[in-house]
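Next comes protein-v1.txt, with compact mmCIF, N, CA and C atoms.
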# COMPACT_ATOMS: atom_id res chain seq x y z
N MET A 1 -0.19 -95.24 14.45
CA MET A 1 -0.56 -93.85 14.31
C MET A 1 0.60 -93.10 13.65
N GLU A 2 0.28 -92.30 12.67
CA GLU A 2 1.30 -91.57 11.93
C GLU A 2 1.69 -90.28 12.66
N GLU A 3 2.99 -90.08 12.78
CA GLU A 3 3.47 -88.86 13.42
C GLU A 3 3.57 -87.75 12.38
N ASN A 4 3.21 -86.56 12.78
CA ASN A 4 3.33 -85.41 11.89
C ASN A 4 4.69 -84.77 12.10
N ARG A 5 5.62 -85.13 11.25
CA ARG A 5 6.98 -84.59 11.33
C ARG A 5 7.36 -83.98 10.01
N THR A 6 8.20 -83.00 10.08
CA THR A 6 8.68 -82.33 8.87
C THR A 6 9.77 -83.18 8.24
N ASP A 7 9.68 -83.36 6.92
CA ASP A 7 10.72 -84.07 6.18
C ASP A 7 11.90 -83.11 5.99
N LYS A 8 12.98 -83.37 6.70
CA LYS A 8 14.10 -82.42 6.75
C LYS A 8 14.82 -82.28 5.42
N GLN A 9 14.92 -83.34 4.64
CA GLN A 9 15.61 -83.25 3.35
C GLN A 9 14.85 -82.33 2.40
N ILE A 10 13.54 -82.46 2.37
CA ILE A 10 12.75 -81.59 1.49
C ILE A 10 12.76 -80.16 2.02
N LEU A 11 12.77 -80.01 3.34
CA LEU A 11 12.84 -78.67 3.94
C LEU A 11 14.13 -77.96 3.55
N PHE A 12 15.26 -78.66 3.63
CA PHE A 12 16.54 -78.04 3.27
C PHE A 12 16.60 -77.72 1.78
N LYS A 13 15.96 -78.55 0.96
CA LYS A 13 15.89 -78.26 -0.47
C LYS A 13 15.11 -76.97 -0.71
N GLY A 14 14.02 -76.77 0.02
CA GLY A 14 13.23 -75.54 -0.10
C GLY A 14 13.99 -74.33 0.40
N ILE A 15 14.73 -74.49 1.48
CA ILE A 15 15.52 -73.37 2.01
C ILE A 15 16.63 -73.00 1.04
N LYS A 16 17.25 -74.00 0.42
CA LYS A 16 18.29 -73.73 -0.57
C LYS A 16 17.71 -72.96 -1.76
N THR A 17 16.51 -73.33 -2.18
CA THR A 17 15.86 -72.62 -3.28
C THR A 17 15.57 -71.18 -2.89
N LEU A 18 15.15 -70.96 -1.65
CA LEU A 18 14.89 -69.59 -1.19
C LEU A 18 16.16 -68.76 -1.09
N VAL A 19 17.27 -69.38 -0.75
CA VAL A 19 18.55 -68.65 -0.69
C VAL A 19 18.94 -68.18 -2.09
N PHE A 20 18.82 -69.07 -3.08
CA PHE A 20 19.13 -68.68 -4.46
C PHE A 20 18.14 -67.62 -4.96
N ALA A 21 16.90 -67.70 -4.52
CA ALA A 21 15.92 -66.68 -4.90
C ALA A 21 16.28 -65.33 -4.29
N ALA A 22 16.75 -65.33 -3.05
CA ALA A 22 17.14 -64.08 -2.40
C ALA A 22 18.34 -63.45 -3.12
N LEU A 23 19.29 -64.28 -3.51
CA LEU A 23 20.43 -63.74 -4.26
C LEU A 23 19.99 -63.17 -5.60
N SER A 24 19.07 -63.84 -6.25
CA SER A 24 18.57 -63.36 -7.53
C SER A 24 17.72 -62.11 -7.37
N LEU A 25 17.03 -61.98 -6.24
CA LEU A 25 16.23 -60.78 -5.99
C LEU A 25 17.11 -59.54 -5.87
N PHE A 26 18.35 -59.70 -5.46
CA PHE A 26 19.26 -58.57 -5.41
C PHE A 26 20.02 -58.38 -6.73
N MET A 27 20.39 -59.48 -7.37
CA MET A 27 21.21 -59.39 -8.57
C MET A 27 20.44 -58.82 -9.76
N GLY A 28 19.17 -59.19 -9.92
CA GLY A 28 18.37 -58.72 -11.05
C GLY A 28 18.23 -57.20 -11.08
N PRO A 29 17.75 -56.57 -10.01
CA PRO A 29 17.63 -55.11 -10.03
C PRO A 29 18.97 -54.38 -10.13
N ILE A 30 20.04 -54.97 -9.62
CA ILE A 30 21.35 -54.34 -9.76
C ILE A 30 21.75 -54.30 -11.23
N LEU A 31 21.54 -55.42 -11.94
CA LEU A 31 21.85 -55.44 -13.37
C LEU A 31 20.96 -54.49 -14.15
N LEU A 32 19.70 -54.38 -13.76
CA LEU A 32 18.80 -53.45 -14.43
C LEU A 32 19.22 -52.00 -14.20
N SER A 33 19.68 -51.69 -13.00
CA SER A 33 20.13 -50.32 -12.74
C SER A 33 21.41 -50.00 -13.51
N PHE A 34 22.30 -50.99 -13.68
CA PHE A 34 23.47 -50.78 -14.52
C PHE A 34 23.06 -50.51 -15.96
N ALA A 35 22.07 -51.24 -16.44
CA ALA A 35 21.62 -51.07 -17.82
C ALA A 35 20.97 -49.70 -18.01
N PHE A 36 20.13 -49.28 -17.07
CA PHE A 36 19.43 -48.01 -17.21
C PHE A 36 20.34 -46.80 -16.95
N SER A 37 21.47 -47.01 -16.30
CA SER A 37 22.37 -45.88 -16.04
C SER A 37 23.10 -45.43 -17.30
N LYS A 38 23.32 -46.34 -18.25
CA LYS A 38 24.01 -46.00 -19.49
C LYS A 38 23.25 -46.58 -20.68
N PRO A 39 22.17 -45.92 -21.11
CA PRO A 39 21.39 -46.47 -22.22
C PRO A 39 22.09 -46.39 -23.58
N ASP A 40 23.15 -45.59 -23.70
CA ASP A 40 23.87 -45.48 -24.97
C ASP A 40 24.99 -46.49 -25.11
N ASP A 41 25.25 -47.25 -24.07
CA ASP A 41 26.32 -48.23 -24.09
C ASP A 41 25.93 -49.44 -24.95
N LYS A 42 26.92 -50.14 -25.47
CA LYS A 42 26.64 -51.31 -26.30
C LYS A 42 26.11 -52.49 -25.50
N LEU A 43 26.31 -52.50 -24.18
CA LEU A 43 25.81 -53.58 -23.32
C LEU A 43 24.42 -53.31 -22.75
N TYR A 44 23.74 -52.27 -23.27
CA TYR A 44 22.42 -51.90 -22.73
C TYR A 44 21.42 -53.04 -22.88
N TYR A 45 21.25 -53.54 -24.09
CA TYR A 45 20.24 -54.58 -24.33
C TYR A 45 20.60 -55.92 -23.68
N PRO A 46 21.85 -56.38 -23.74
CA PRO A 46 22.14 -57.64 -23.03
C PRO A 46 21.92 -57.55 -21.51
N LEU A 47 22.34 -56.43 -20.90
CA LEU A 47 22.12 -56.28 -19.46
C LEU A 47 20.64 -56.17 -19.13
N LEU A 48 19.89 -55.50 -19.99
CA LEU A 48 18.46 -55.36 -19.78
C LEU A 48 17.76 -56.72 -19.85
N ILE A 49 18.12 -57.52 -20.84
CA ILE A 49 17.51 -58.84 -21.00
C ILE A 49 17.89 -59.76 -19.85
N VAL A 50 19.17 -59.78 -19.49
CA VAL A 50 19.63 -60.65 -18.41
C VAL A 50 19.03 -60.21 -17.07
N GLY A 51 18.96 -58.91 -16.82
CA GLY A 51 18.37 -58.41 -15.58
C GLY A 51 16.91 -58.75 -15.45
N CYS A 52 16.15 -58.63 -16.55
CA CYS A 52 14.73 -59.00 -16.53
C CYS A 52 14.56 -60.50 -16.32
N ALA A 53 15.39 -61.29 -16.97
CA ALA A 53 15.29 -62.74 -16.84
C ALA A 53 15.61 -63.19 -15.41
N ILE A 54 16.64 -62.61 -14.81
CA ILE A 54 17.02 -62.98 -13.44
C ILE A 54 15.93 -62.54 -12.46
N SER A 55 15.33 -61.38 -12.69
CA SER A 55 14.26 -60.92 -11.80
C SER A 55 13.05 -61.83 -11.88
N ALA A 56 12.68 -62.24 -13.10
CA ALA A 56 11.55 -63.15 -13.26
C ALA A 56 11.86 -64.52 -12.65
N LEU A 57 13.09 -64.99 -12.84
CA LEU A 57 13.50 -66.27 -12.26
C LEU A 57 13.46 -66.22 -10.73
N ALA A 58 13.80 -65.08 -10.16
CA ALA A 58 13.77 -64.94 -8.70
C ALA A 58 12.36 -65.10 -8.16
N VAL A 59 11.39 -64.53 -8.84
CA VAL A 59 10.01 -64.63 -8.38
C VAL A 59 9.53 -66.08 -8.48
N VAL A 60 9.86 -66.75 -9.58
CA VAL A 60 9.46 -68.15 -9.75
C VAL A 60 10.12 -69.02 -8.69
N MET A 61 11.41 -68.81 -8.43
CA MET A 61 12.12 -69.59 -7.42
C MET A 61 11.58 -69.32 -6.02
N LEU A 62 11.14 -68.10 -5.77
CA LEU A 62 10.56 -67.76 -4.47
C LEU A 62 9.29 -68.57 -4.22
N PHE A 63 8.40 -68.61 -5.20
CA PHE A 63 7.17 -69.39 -5.03
C PHE A 63 7.47 -70.89 -4.95
N LYS A 64 8.42 -71.36 -5.75
CA LYS A 64 8.77 -72.77 -5.74
C LYS A 64 9.37 -73.17 -4.38
N GLY A 65 10.22 -72.32 -3.80
CA GLY A 65 10.81 -72.61 -2.51
C GLY A 65 9.79 -72.65 -1.40
N ILE A 66 8.84 -71.71 -1.42
CA ILE A 66 7.79 -71.70 -0.40
C ILE A 66 6.91 -72.93 -0.54
N LYS A 67 6.59 -73.31 -1.77
CA LYS A 67 5.77 -74.50 -2.01
C LYS A 67 6.49 -75.76 -1.53
N THR A 68 7.80 -75.84 -1.76
CA THR A 68 8.57 -77.01 -1.31
C THR A 68 8.60 -77.10 0.21
N ILE A 69 8.75 -75.97 0.87
CA ILE A 69 8.76 -75.96 2.34
C ILE A 69 7.40 -76.37 2.89
N MET A 70 6.33 -75.88 2.27
CA MET A 70 4.99 -76.28 2.71
C MET A 70 4.75 -77.77 2.48
N ASN A 71 5.25 -78.29 1.37
CA ASN A 71 5.11 -79.73 1.11
C ASN A 71 5.88 -80.57 2.12
N SER A 72 7.02 -80.06 2.58
CA SER A 72 7.79 -80.82 3.57
C SER A 72 7.07 -80.84 4.93
N MET A 73 6.32 -79.79 5.23
CA MET A 73 5.63 -79.74 6.51
C MET A 73 4.33 -80.54 6.51
N PHE A 74 3.65 -80.55 5.37
CA PHE A 74 2.34 -81.18 5.33
C PHE A 74 2.31 -82.49 4.56
N LYS A 75 3.47 -83.06 4.29
CA LYS A 75 3.62 -84.41 3.73
C LYS A 75 2.98 -84.60 2.36
N LYS A 76 3.00 -83.58 1.51
CA LYS A 76 2.52 -83.77 0.14
C LYS A 76 3.74 -84.01 -0.72
N LYS A 77 3.74 -85.11 -1.46
CA LYS A 77 4.89 -85.43 -2.29
C LYS A 77 4.50 -85.48 -3.74
Will you turn the file into structure tokens for me?
Amino acid sequence: MEENRTDKQILFKGIKTLVFAALSLFMGPILLSFAFSKPDDKLYYPLLIVGCAISALAVVMLFKGIKTIMNSMFKKK
């Protein structure tokens, strides 16, 4: 009979992904606020592009981390 146990290695991988997503969820809007505070500065467009990219990456990493954690609990590999 198969035991229903969580795969701890995959679980920790998912938690690590969620930690990086949480850091990105804070870093992206901070960079965007820096960009919007000085639109005449020469770093406006680079900060805007990097802030948008980090924010989008945070959302993708958030879903990927949750999916990895669910896979560790329900044994889908």
Which of these residues is nearest to Met70 of chain A, using all atoms listed in the file: A:Pro39, A:Pro46, A:Gly14, A:Gly28?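 Smallest separation from Met70 of chain A among the options: A:Gly14.
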Grab the atom CA of Leu32 of chain A to atom CA of Leu48 of chain A distance for me, in Å with one decimal place. 5.7 Å
One decimal, Å: what's the distance from atom C of Lys42 of chain A over to atom C of Leu25 of chain A, could you say?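 So the answer is 22.7 Å.
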Using all atoms listed in the file, determine which residues lie at most 8 Å from Ser72 of chain A, disregarding the query and same-chain residues fewer than 2 positions distant; provide the list as a ChimeraX atom specification. /A:5-12,66-70,74-77
Keeping N, CA and C atoms, export the residues of the selection given above as a tab-separated table (two decimals), keeping the file's coordinate frame.
chain	number	residue	atom	x	y	z
A	5	ARG	N	5.62	-85.13	11.25
A	5	ARG	CA	6.98	-84.59	11.33
A	5	ARG	C	7.36	-83.98	10.01
A	6	THR	N	8.20	-83.00	10.08
A	6	THR	CA	8.68	-82.33	8.87
A	6	THR	C	9.77	-83.18	8.24
A	7	ASP	N	9.68	-83.36	6.92
A	7	ASP	CA	10.72	-84.07	6.18
A	7	ASP	C	11.90	-83.11	5.99
A	8	LYS	N	12.98	-83.37	6.70
A	8	LYS	CA	14.10	-82.42	6.75
A	8	LYS	C	14.82	-82.28	5.42
A	9	GLN	N	14.92	-83.34	4.64
A	9	GLN	CA	15.61	-83.25	3.35
A	9	GLN	C	14.85	-82.33	2.40
A	10	ILE	N	13.54	-82.46	2.37
A	10	ILE	CA	12.75	-81.59	1.49
A	10	ILE	C	12.76	-80.16	2.02
A	11	LEU	N	12.77	-80.01	3.34
A	11	LEU	CA	12.84	-78.67	3.94
A	11	LEU	C	14.13	-77.96	3.55
A	12	PHE	N	15.26	-78.66	3.63
A	12	PHE	CA	16.54	-78.04	3.27
A	12	PHE	C	16.60	-77.72	1.78
A	66	ILE	N	8.84	-71.71	-1.42
A	66	ILE	CA	7.79	-71.70	-0.40
A	66	ILE	C	6.91	-72.93	-0.54
A	67	LYS	N	6.59	-73.31	-1.77
A	67	LYS	CA	5.77	-74.50	-2.01
A	67	LYS	C	6.49	-75.76	-1.53
A	68	THR	N	7.80	-75.84	-1.76
A	68	THR	CA	8.57	-77.01	-1.31
A	68	THR	C	8.60	-77.10	0.21
A	69	ILE	N	8.75	-75.97	0.87
A	69	ILE	CA	8.76	-75.96	2.34
A	69	ILE	C	7.40	-76.37	2.89
A	70	MET	N	6.33	-75.88	2.27
A	70	MET	CA	4.99	-76.28	2.71
A	70	MET	C	4.75	-77.77	2.48
A	74	PHE	N	3.65	-80.55	5.37
A	74	PHE	CA	2.34	-81.18	5.33
A	74	PHE	C	2.31	-82.49	4.56
A	75	LYS	N	3.47	-83.06	4.29
A	75	LYS	CA	3.62	-84.41	3.73
A	75	LYS	C	2.98	-84.60	2.36
A	76	LYS	N	3.00	-83.58	1.51
A	76	LYS	CA	2.52	-83.77	0.14
A	76	LYS	C	3.74	-84.01	-0.72
A	77	LYS	N	3.74	-85.11	-1.46
A	77	LYS	CA	4.89	-85.43	-2.29
A	77	LYS	C	4.50	-85.48	-3.74
Contact residues around Ala35 of chain A with only C-alpha atoms at 8 Å, ignoring same-chain residues under 5 positions, as number ranges by chain: A: 43-45, 47-48
Of A:Ser55, A:Asn71, A:Leu62, A:Asp40, the one sitting nearest Ser24 of chain A when using all atoms listed in the file is A:Ser55
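Separating atom C of Val50 of chain A from atom CA of Lys16 of chain A is a distance of 21.3 Å.
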Tell me, which residues of chain A carry DSSP helix (DSSP H, G or I), written as a ChimeraX atom specification? /A:8-37,44-74
